[in-house]
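Structure data follow from my_file04.txt (compact mmCIF, C-alpha atoms and all ligand atoms):
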```txt
# COMPACT_ATOMS: atom_id res chain seq x y z
CA MET A 160 55.94 73.04 -18.25
CA ASN A 161 55.83 69.57 -19.68
CA LEU A 162 53.51 66.77 -18.70
CA LYS A 163 53.98 63.14 -19.61
CA LEU A 164 51.64 60.19 -19.08
CA GLU A 165 52.83 56.65 -19.70
CA ASN A 166 50.44 53.70 -19.85
CA VAL A 167 47.99 55.22 -17.37
CA SER A 168 44.95 53.08 -16.54
CA PHE A 169 42.11 53.67 -14.10
CA SER A 170 39.34 51.24 -13.16
CA PHE A 171 36.28 51.77 -11.02
CA MET A 172 35.16 48.61 -9.17
CA GLN A 173 36.99 46.32 -11.64
CA THR A 174 35.52 48.20 -14.63
CA PRO A 175 38.25 49.78 -16.75
CA ILE A 176 37.41 53.44 -17.42
CA ILE A 177 40.66 54.50 -19.10
CA GLN A 178 43.30 52.11 -20.38
CA ASP A 179 46.95 52.45 -21.31
CA ILE A 180 46.93 56.20 -21.90
CA SER A 181 50.24 57.69 -23.00
CA LEU A 182 50.42 61.34 -23.91
CA HIS A 183 52.74 64.28 -23.84
CA VAL A 184 52.24 68.02 -23.46
CA SER A 185 55.39 70.05 -24.03
CA ALA A 186 56.10 73.55 -22.73
CA GLY A 187 53.78 76.10 -24.32
CA GLN A 188 51.83 73.48 -26.28
CA PHE A 189 48.00 73.47 -26.48
CA VAL A 190 46.86 69.86 -26.48
CA GLY A 191 43.23 68.86 -27.01
CA ILE A 192 41.41 65.70 -25.96
CA ILE A 193 38.36 64.92 -28.07
CA GLY A 194 36.01 61.95 -28.01
CA PRO A 195 32.34 61.03 -27.60
CA ASN A 196 30.41 61.30 -24.33
CA GLY A 197 31.64 58.76 -21.81
CA SER A 198 34.90 58.06 -23.66
CA GLY A 199 36.97 58.93 -20.58
CA LYS A 200 38.16 62.51 -21.18
CA SER A 201 37.25 63.86 -17.71
CA THR A 202 38.51 60.72 -16.00
CA LEU A 203 41.84 61.14 -17.75
CA LEU A 204 42.08 64.78 -16.66
CA LYS A 205 41.15 63.83 -13.07
CA THR A 206 44.08 61.42 -12.89
CA ILE A 207 46.33 64.33 -13.89
CA TYR A 208 44.97 66.72 -11.25
CA ARG A 209 45.05 63.96 -8.66
CA VAL A 210 41.35 63.54 -7.91
CA LEU A 211 41.72 59.95 -9.12
CA LYS A 212 44.73 57.73 -8.55
CA PRO A 213 45.66 55.59 -11.55
CA ASN A 214 45.81 51.82 -11.00
CA SER A 215 48.90 51.65 -13.15
CA GLY A 216 51.18 53.81 -15.25
CA SER A 217 53.03 56.99 -14.46
CA ILE A 218 52.36 60.73 -14.64
CA GLN A 219 55.28 63.15 -14.72
CA LEU A 220 55.06 66.89 -14.27
CA ALA A 221 58.25 68.70 -15.31
CA ASP A 222 60.01 65.31 -15.40
CA GLN A 223 59.08 64.46 -11.80
CA ASP A 224 56.68 61.74 -10.67
CA ILE A 225 53.53 63.64 -9.74
CA GLU A 226 52.77 61.32 -6.84
CA ALA A 227 56.03 62.27 -5.17
CA LEU A 228 55.30 66.01 -5.40
CA SER A 229 53.57 68.01 -2.65
CA SER A 230 50.09 69.37 -3.40
CA ARG A 231 51.48 72.85 -2.84
CA TYR A 232 54.10 72.34 -5.56
CA VAL A 233 51.60 70.75 -7.95
CA PHE A 234 49.09 73.58 -7.57
CA GLN A 235 51.73 76.29 -7.85
CA HIS A 236 52.33 74.93 -11.32
CA MET A 237 48.98 73.48 -12.41
CA ALA A 238 45.58 75.21 -12.57
CA ILE A 239 42.27 73.45 -13.17
CA VAL A 240 39.17 74.86 -14.78
CA SER A 241 36.30 72.47 -14.27
CA GLN A 242 32.76 73.33 -13.23
CA GLU A 243 32.54 70.00 -11.42
CA ALA A 244 35.31 71.08 -9.08
CA THR A 245 33.49 74.20 -7.85
CA GLU A 246 33.14 74.50 -4.12
CA ALA A 247 29.94 73.59 -2.32
CA PHE A 248 30.16 76.69 -0.10
CA ASP A 249 29.07 80.05 -1.33
CA PHE A 250 31.96 82.45 -1.79
CA SER A 251 32.04 85.85 -3.41
CA VAL A 252 33.56 86.08 -6.88
CA GLN A 253 36.58 87.87 -5.42
CA GLU A 254 37.07 85.13 -2.80
CA MET A 255 36.84 82.43 -5.47
CA VAL A 256 39.58 84.09 -7.51
CA LEU A 257 41.71 84.77 -4.40
CA MET A 258 41.78 80.99 -3.88
CA GLY A 259 44.05 80.90 -6.91
CA ARG A 260 46.69 82.60 -4.76
CA THR A 261 46.59 79.95 -1.98
CA PRO A 262 49.34 77.64 -3.35
CA HIS A 263 51.71 80.63 -3.39
CA LYS A 264 51.26 81.36 0.33
CA ARG A 265 52.34 79.85 3.58
CA LEU A 266 49.74 78.47 5.98
CA PHE A 267 47.75 81.34 7.58
CA GLU A 268 49.64 83.95 5.54
CA SER A 269 47.16 86.71 4.86
CA ASP A 270 46.29 88.17 1.46
CA THR A 271 48.51 91.04 0.36
CA ILE A 272 47.81 94.07 -1.79
CA ASP A 273 49.65 92.27 -4.59
CA ASP A 274 47.18 89.37 -4.32
CA TYR A 275 44.23 91.74 -4.65
CA VAL A 276 45.84 93.45 -7.64
CA ILE A 277 46.42 90.08 -9.34
CA VAL A 278 42.79 89.10 -8.63
CA GLN A 279 41.47 92.36 -10.02
CA GLN A 280 43.59 92.02 -13.16
CA ALA A 281 42.44 88.42 -13.63
CA LEU A 282 38.79 89.45 -13.31
CA ALA A 283 39.34 92.28 -15.77
CA ARG A 284 40.78 89.87 -18.35
CA VAL A 285 37.51 87.91 -18.38
CA ASN A 286 35.28 91.01 -18.12
CA MET A 287 34.06 90.07 -14.65
CA GLU A 288 35.42 93.01 -12.59
CA ALA A 289 31.93 94.36 -11.92
CA PHE A 290 30.94 91.04 -10.33
CA ALA A 291 33.70 90.95 -7.65
CA LYS A 292 31.33 91.24 -4.70
CA ARG A 293 28.59 89.01 -6.11
CA SER A 294 28.01 85.53 -4.75
CA PHE A 295 29.57 82.90 -7.04
CA MET A 296 26.50 80.67 -6.73
CA SER A 297 24.24 83.41 -8.08
CA LEU A 298 26.11 83.61 -11.39
CA SER A 299 25.01 82.11 -14.68
CA GLY A 300 26.88 79.07 -16.01
CA GLY A 301 28.93 81.22 -18.39
CA GLU A 302 29.76 83.82 -15.74
CA LYS A 303 30.90 81.03 -13.38
CA GLN A 304 33.10 79.62 -16.12
CA ARG A 305 34.75 83.01 -16.62
CA VAL A 306 35.40 83.34 -12.87
CA LEU A 307 37.05 79.92 -12.88
CA ILE A 308 39.29 81.09 -15.72
CA ALA A 309 40.13 84.20 -13.68
CA ARG A 310 41.07 81.94 -10.76
CA ALA A 311 43.39 79.96 -13.03
CA LEU A 312 44.96 83.24 -14.25
CA ALA A 313 45.46 84.43 -10.67
CA GLN A 314 47.16 81.14 -9.91
CA GLN A 315 49.82 82.01 -12.54
CA ALA A 316 50.36 78.33 -13.29
CA GLU A 317 52.48 77.04 -16.15
CA LEU A 318 50.07 74.22 -16.99
CA ILE A 319 46.32 74.76 -17.31
CA ILE A 320 43.87 71.87 -17.40
CA LEU A 321 40.55 72.72 -18.99
CA ASP A 322 37.61 70.32 -18.72
CA GLU A 323 35.09 71.38 -21.36
CA PRO A 324 35.90 75.04 -20.77
CA THR A 325 33.53 76.44 -23.39
CA ASN A 326 30.55 74.65 -21.91
CA HIS A 327 27.97 77.36 -21.01
CA LEU A 328 29.80 80.09 -22.89
CA ASP A 329 28.20 82.01 -25.72
CA ILE A 330 30.16 82.12 -28.96
CA ARG A 331 31.92 85.42 -28.21
CA TYR A 332 33.22 84.17 -24.86
CA GLN A 333 34.20 80.79 -26.34
CA PHE A 334 36.60 82.63 -28.64
CA GLN A 335 37.64 85.08 -25.93
CA LEU A 336 38.48 82.29 -23.50
CA LEU A 337 40.45 80.21 -25.96
CA ASN A 338 42.30 83.27 -27.31
CA LEU A 339 43.15 84.29 -23.77
CA VAL A 340 44.48 80.87 -22.83
CA LYS A 341 46.34 80.45 -26.13
CA ASN A 342 48.11 83.79 -25.68
CA LEU A 343 49.26 83.04 -22.13
CA ASP A 344 52.15 81.02 -23.50
CA VAL A 345 51.59 78.24 -20.97
CA SER A 346 51.00 74.53 -21.53
CA VAL A 347 47.35 73.60 -21.88
CA ILE A 348 45.51 70.30 -21.90
CA ALA A 349 41.82 70.65 -22.68
CA ALA A 350 38.87 68.30 -23.16
CA LEU A 351 36.88 69.90 -25.93
CA HIS A 352 33.53 69.01 -27.48
CA ASP A 353 33.51 71.60 -30.24
CA LEU A 354 35.66 70.06 -32.95
CA ASN A 355 35.97 73.27 -34.97
CA LEU A 356 37.31 75.11 -31.93
CA ALA A 357 39.65 72.18 -31.27
CA SER A 358 40.82 72.49 -34.87
CA ILE A 359 41.53 76.22 -34.61
CA TYR A 360 43.18 76.37 -31.19
CA THR A 361 45.04 73.13 -30.53
CA ASP A 362 48.54 72.24 -31.66
CA TYR A 363 48.00 68.54 -31.15
CA LEU A 364 44.98 66.30 -30.57
CA TYR A 365 44.38 62.97 -28.86
CA VAL A 366 41.17 61.15 -29.76
CA MET A 367 39.56 58.98 -27.11
CA GLN A 368 37.08 56.19 -27.65
CA SER A 369 35.92 53.69 -25.01
CA GLY A 370 38.66 54.72 -22.57
CA GLN A 371 41.54 54.47 -25.02
CA ILE A 372 43.46 56.80 -27.28
CA VAL A 373 42.66 55.71 -30.79
CA ARG A 374 44.42 58.44 -32.77
CA SER A 375 46.72 61.38 -32.20
CA GLY A 376 48.29 64.05 -34.35
CA THR A 377 47.88 67.62 -35.52
CA PRO A 378 44.30 68.75 -36.22
CA LYS A 379 45.00 68.30 -39.95
CA GLU A 380 46.15 64.73 -39.41
CA VAL A 381 43.35 63.75 -37.04
CA LEU A 382 40.21 65.56 -38.18
CA THR A 383 39.27 63.50 -41.19
CA VAL A 384 35.90 62.40 -42.56
CA ASP A 385 36.77 58.75 -41.86
CA LEU A 386 37.84 59.35 -38.26
CA LEU A 387 34.76 61.40 -37.40
CA ARG A 388 32.56 58.69 -38.92
CA GLU A 389 34.37 55.90 -37.02
CA VAL A 390 34.60 57.62 -33.64
CA PHE A 391 31.57 59.93 -33.51
CA GLY A 392 29.30 58.20 -36.03
CA VAL A 393 28.68 61.42 -37.96
CA GLU A 394 28.98 62.36 -41.60
CA THR A 395 30.98 65.48 -42.38
CA GLU A 396 32.57 67.54 -45.09
CA ILE A 397 35.97 68.92 -44.21
CA VAL A 398 37.87 71.66 -46.00
CA ILE A 399 41.03 73.51 -45.09
CA HIS A 400 39.76 76.98 -44.30
CA ALA A 401 41.34 79.71 -46.43
CA LYS A 402 41.82 82.11 -43.49
CA THR A 403 42.71 79.82 -40.57
CA GLY A 404 44.57 77.19 -42.60
CA LYS A 405 42.91 74.63 -40.29
CA PRO A 406 40.35 71.92 -41.07
CA HIS A 407 36.82 73.29 -40.98
CA ILE A 408 34.11 70.70 -40.40
CA THR A 409 30.57 70.91 -41.71
CA PHE A 410 28.31 68.30 -40.15
CA ILE A 411 25.85 66.66 -42.52
CA SER A 412 22.68 65.50 -40.84
CA ASP A 413 20.92 62.64 -42.60
CA GLN A 414 17.74 63.82 -40.83
CA VAL A 415 17.72 66.93 -43.02
CA SER A 416 16.43 66.42 -46.53
N1 LIG A 501 32.66 57.07 -10.32
C1 LIG A 501 32.28 56.38 -11.40
N2 LIG A 501 31.61 55.21 -11.29
C2 LIG A 501 31.25 54.49 -12.36
N3 LIG A 501 31.47 54.87 -13.62
C3 LIG A 501 32.11 56.03 -13.80
C4 LIG A 501 32.55 56.83 -12.72
N4 LIG A 501 33.15 57.93 -13.22
C5 LIG A 501 33.08 57.82 -14.56
N5 LIG A 501 32.45 56.68 -14.89
C6 LIG A 501 32.17 56.19 -16.25
O1 LIG A 501 33.37 56.27 -16.98
C7 LIG A 501 33.12 56.61 -18.33
C8 LIG A 501 33.97 57.82 -18.72
O2 LIG A 501 33.45 58.98 -18.09
P1 LIG A 501 34.06 60.42 -18.32
O3 LIG A 501 33.27 61.38 -17.50
O4 LIG A 501 35.52 60.35 -18.10
O5 LIG A 501 33.78 60.62 -19.88
P2 LIG A 501 33.87 61.93 -20.77
O6 LIG A 501 34.55 61.51 -22.02
O7 LIG A 501 34.45 63.06 -20.00
O8 LIG A 501 32.33 62.19 -21.06
P3 LIG A 501 31.48 63.52 -21.41
O9 LIG A 501 31.89 63.92 -22.80
O10 LIG A 501 30.08 62.99 -21.39
O11 LIG A 501 31.75 64.55 -20.36
C9 LIG A 501 31.61 56.84 -18.43
O12 LIG A 501 31.00 55.69 -18.96
C10 LIG A 501 31.19 57.08 -17.00
O13 LIG A 501 29.86 56.68 -16.78
```
I need this file expressed as structure tokens, please.
Amino acid sequence: MNLKLENVSFSFMQTPIIQDISLHVSAGQFVGIIGPNGSGKSTLLKTIYRVLKPNSGSIQLADQDIEALSSRYVFQHMAIVSQEATEAFDFSVQEMVLMGRTPHKRLFESDTIDDYVIVQQALARVNMEAFAKRSFMSLSGGEKQRVLIARALAQQAELIILDEPTNHLDIRYQFQLLNLVKNLDVSVIAALHDLNLASIYTDYLYVMQSGQIVRSGTPKEVLTVDLLREVFGVETEIVIHAKTGKPHITFISDQVS
């Protein structure tokens, strides 16, 4: 499912937070958003999943203006994985994942056996089956993140929005999660902090700085020593990895002698 943003800007109390953002995610593509803290990545994603309304510009989902679409339609097609968006009420893990089925149901329609099977399969794919009856609030950060992925899987959406999805995950689950999402053959837009993971998993990258997109391209085109110095203020050595064929970044700390 394709997603297209044209000249999207959002300001908070006259202060521009993101400005003139244009980007495109085509069907099946994994697009990454990278940039320093506070550069506007989450704000950009929130305009896409309609928590924030842009002041100007347009957002199209499957070639239709997203503002004109019903929430039900949007969430049948778009799933969000963001720890910020977790509910304030305490639900069981199973209930959290069942929420992924809501956009596919009519008002007051009860859960079917099929829904429970889909939920169980989604929990199994993130190794969280044994936690089905546990309270979501009692889980560790990484376990919560995996449940949120299971919810997105149960939603069976064609576009998945990931806001720092590997936050809280140990290295094994970082790879597991990104492999899982990559192999779903859906469109993905993800804000990522780990630049080596972004390099391995994304097809295309947008780099944000101070609320604007300052560079875009394939990981090979974007992840250069000069760009990482300019945007992140870090020194690096970058080689094309023999096995992955992708840029591999080594960070050089000037604090280490
Ligand atoms: N409601 C708000 N009121 C005021 N400023 C805000 C608000 N929401 C976001 N901002 C500011 O907008 C800027 C962009 O924030 P955002 O969370 O989008 O950045 P980010 O790139 O996702 O950062 P991080 O990598 O730290 O998660 C920040 O300077 C933030 O303080």
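Using all atoms listed in the file, the smallest distance between any of A:Glu323, A:Glu165, A:Glu268, A:Asp329 and ligand LIG 501 (chain A) comes from A:Glu323.
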Against ligand LIG 501 (chain A), which residues of chain A fall within 6 Å? For each one I want the closest pair of atoms and the distance in Å (one decimal), counting all atoms listed in the file, rows by chain and increasing residue number, as a Markdown table.
```
| residue | atom | partner | partner_atom | distance |
| --- | --- | --- | --- | --- |
| A:Phe171 | CA | A:LIG501 | N2 | 5.8 |
| A:Ile176 | CA | A:LIG501 | O1 | 5.0 |
| A:Pro195 | CA | A:LIG501 | O9 | 5.6 |
| A:Asn196 | CA | A:LIG501 | O9 | 3.4 |
| A:Gly197 | CA | A:LIG501 | O5 | 3.4 |
| A:Ser198 | CA | A:LIG501 | O6 | 3.8 |
| A:Gly199 | CA | A:LIG501 | O4 | 3.2 |
| A:Lys200 | CA | A:LIG501 | O6 | 3.8 |
| A:Ser201 | CA | A:LIG501 | O7 | 3.7 |
| A:Thr202 | CA | A:LIG501 | O4 | 3.7 |
```
Those residues you just picked out, can you put them in a file as a JSON list (two decimals), in the frame of the given file with C-alpha atoms?
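For reference, part00.json as written:
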```json
[["chain", "number", "residue", "atom", "x", "y", "z"],
["A", 171, "PHE", "CA", 36.28, 51.77, -11.02],
["A", 176, "ILE", "CA", 37.41, 53.44, -17.42],
["A", 195, "PRO", "CA", 32.34, 61.03, -27.60],
["A", 196, "ASN", "CA", 30.41, 61.30, -24.33],
["A", 197, "GLY", "CA", 31.64, 58.76, -21.81],
["A", 198, "SER", "CA", 34.90, 58.06, -23.66],
["A", 199, "GLY", "CA", 36.97, 58.93, -20.58],
["A", 200, "LYS", "CA", 38.16, 62.51, -21.18],
["A", 201, "SER", "CA", 37.25, 63.86, -17.71],
["A", 202, "THR", "CA", 38.51, 60.72, -16.00]]
```
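Candidate residues A:Ala186, A:Ile408, A:Ile218, A:Val366 were compared for distance to Val393 in chain A, and the nearest is A:Ile408, using all atoms listed in the file.
Distance-wise, CA of Ser230 in chain A and CA of Asp274 in chain A end up 20.2 Å apart.
If you look at CA of Phe410 in chain A and CA of Leu387 in chain A, they are 9.8 Å away from each other.
Of the residues listed (A:Val233, A:Ala401, A:Ile192, A:Ala238), A:Ile192 shows the shortest atom-to-atom separation from Val373 in chain A; distances use all atoms listed in the file.
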Point to revise | Top pick for closest residue to Ile308 in chain A, considering A:Asn161, A:Ser375, A:Ser358, A:Thr325 and counting only C-alpha atoms | key: A:Thr325
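For the atom pair formed by CA of Ser269 in chain A and CA of Leu257 in chain A, the distance is 10.9 Å, given to one decimal.
Taking all atoms listed in the file into account, Leu298 in chain A lies nearest to A:Val252 out of the set A:Ala316, A:Leu356, A:Leu339, A:Val252.
Considering the residues A:Tyr360, A:Phe295, A:Tyr232, A:Phe290 and counting all atoms listed in the file, Lys264 in chain A has its shortest atom-to-atom contact with A:Tyr232.
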Exercise for review: Show me as an MDAnalysis selection string the residues that reach within 12 Å of (38.7, 75.9, -20.2), counting all atoms listed in the file and using the file's own coordinates.
Suggested key: chainID A and resid 189:191 238:242 301 303:312 318:328 332:341 347:352 356:357 360
Please, could you write that set of residues out with C-alpha atoms as a short mmCIF file (atom, residue, chain, number, x, y, z; two decimals), in the coordinates of the input?
```
data_model
loop_
_atom_site.label_atom_id
_atom_site.label_comp_id
_atom_site.auth_asym_id
_atom_site.auth_seq_id
_atom_site.Cartn_x
_atom_site.Cartn_y
_atom_site.Cartn_z
CA PHE A 189 48.00 73.47 -26.48
CA VAL A 190 46.86 69.86 -26.48
CA GLY A 191 43.23 68.86 -27.01
CA ALA A 238 45.58 75.21 -12.57
CA ILE A 239 42.27 73.45 -13.17
CA VAL A 240 39.17 74.86 -14.78
CA SER A 241 36.30 72.47 -14.27
CA GLN A 242 32.76 73.33 -13.23
CA GLY A 301 28.93 81.22 -18.39
CA LYS A 303 30.90 81.03 -13.38
CA GLN A 304 33.10 79.62 -16.12
CA ARG A 305 34.75 83.01 -16.62
CA VAL A 306 35.40 83.34 -12.87
CA LEU A 307 37.05 79.92 -12.88
CA ILE A 308 39.29 81.09 -15.72
CA ALA A 309 40.13 84.20 -13.68
CA ARG A 310 41.07 81.94 -10.76
CA ALA A 311 43.39 79.96 -13.03
CA LEU A 312 44.96 83.24 -14.25
CA LEU A 318 50.07 74.22 -16.99
CA ILE A 319 46.32 74.76 -17.31
CA ILE A 320 43.87 71.87 -17.40
CA LEU A 321 40.55 72.72 -18.99
CA ASP A 322 37.61 70.32 -18.72
CA GLU A 323 35.09 71.38 -21.36
CA PRO A 324 35.90 75.04 -20.77
CA THR A 325 33.53 76.44 -23.39
CA ASN A 326 30.55 74.65 -21.91
CA HIS A 327 27.97 77.36 -21.01
CA LEU A 328 29.80 80.09 -22.89
CA TYR A 332 33.22 84.17 -24.86
CA GLN A 333 34.20 80.79 -26.34
CA PHE A 334 36.60 82.63 -28.64
CA GLN A 335 37.64 85.08 -25.93
CA LEU A 336 38.48 82.29 -23.50
CA LEU A 337 40.45 80.21 -25.96
CA ASN A 338 42.30 83.27 -27.31
CA LEU A 339 43.15 84.29 -23.77
CA VAL A 340 44.48 80.87 -22.83
CA LYS A 341 46.34 80.45 -26.13
CA VAL A 347 47.35 73.60 -21.88
CA ILE A 348 45.51 70.30 -21.90
CA ALA A 349 41.82 70.65 -22.68
CA ALA A 350 38.87 68.30 -23.16
CA LEU A 351 36.88 69.90 -25.93
CA HIS A 352 33.53 69.01 -27.48
CA LEU A 356 37.31 75.11 -31.93
CA ALA A 357 39.65 72.18 -31.27
CA TYR A 360 43.18 76.37 -31.19
#
```
Listed atoms of range 164-178 of chain A boxed along x, y and z, 3 Å each side, centre and edge lengths in Å, one decimal, as lines of an AutoDock Vina configuration file:
```
center_x = 44.0
center_y = 53.3
center_z = -14.8
size_x = 23.7
size_y = 19.9
size_z = 17.2
```
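When the distance limit is 6 Å and all atoms listed in the file are what count, the residues near His407 in chain A, minus those fewer than 3 positions from it on the same chain, are Ile397, Val398, Ile399 and His400 of chain A.
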Take the residues from that selection and write them out as a PDB file, in the frame of the given file, keeping C-alpha atoms.
```pdb
ATOM      1  CA  ILE A 397      35.970  68.920 -44.210  1.00  0.00           C
ATOM      2  CA  VAL A 398      37.870  71.660 -46.000  1.00  0.00           C
ATOM      3  CA  ILE A 399      41.030  73.510 -45.090  1.00  0.00           C
ATOM      4  CA  HIS A 400      39.760  76.980 -44.300  1.00  0.00           C
TER       5      HIS A 400
END
```
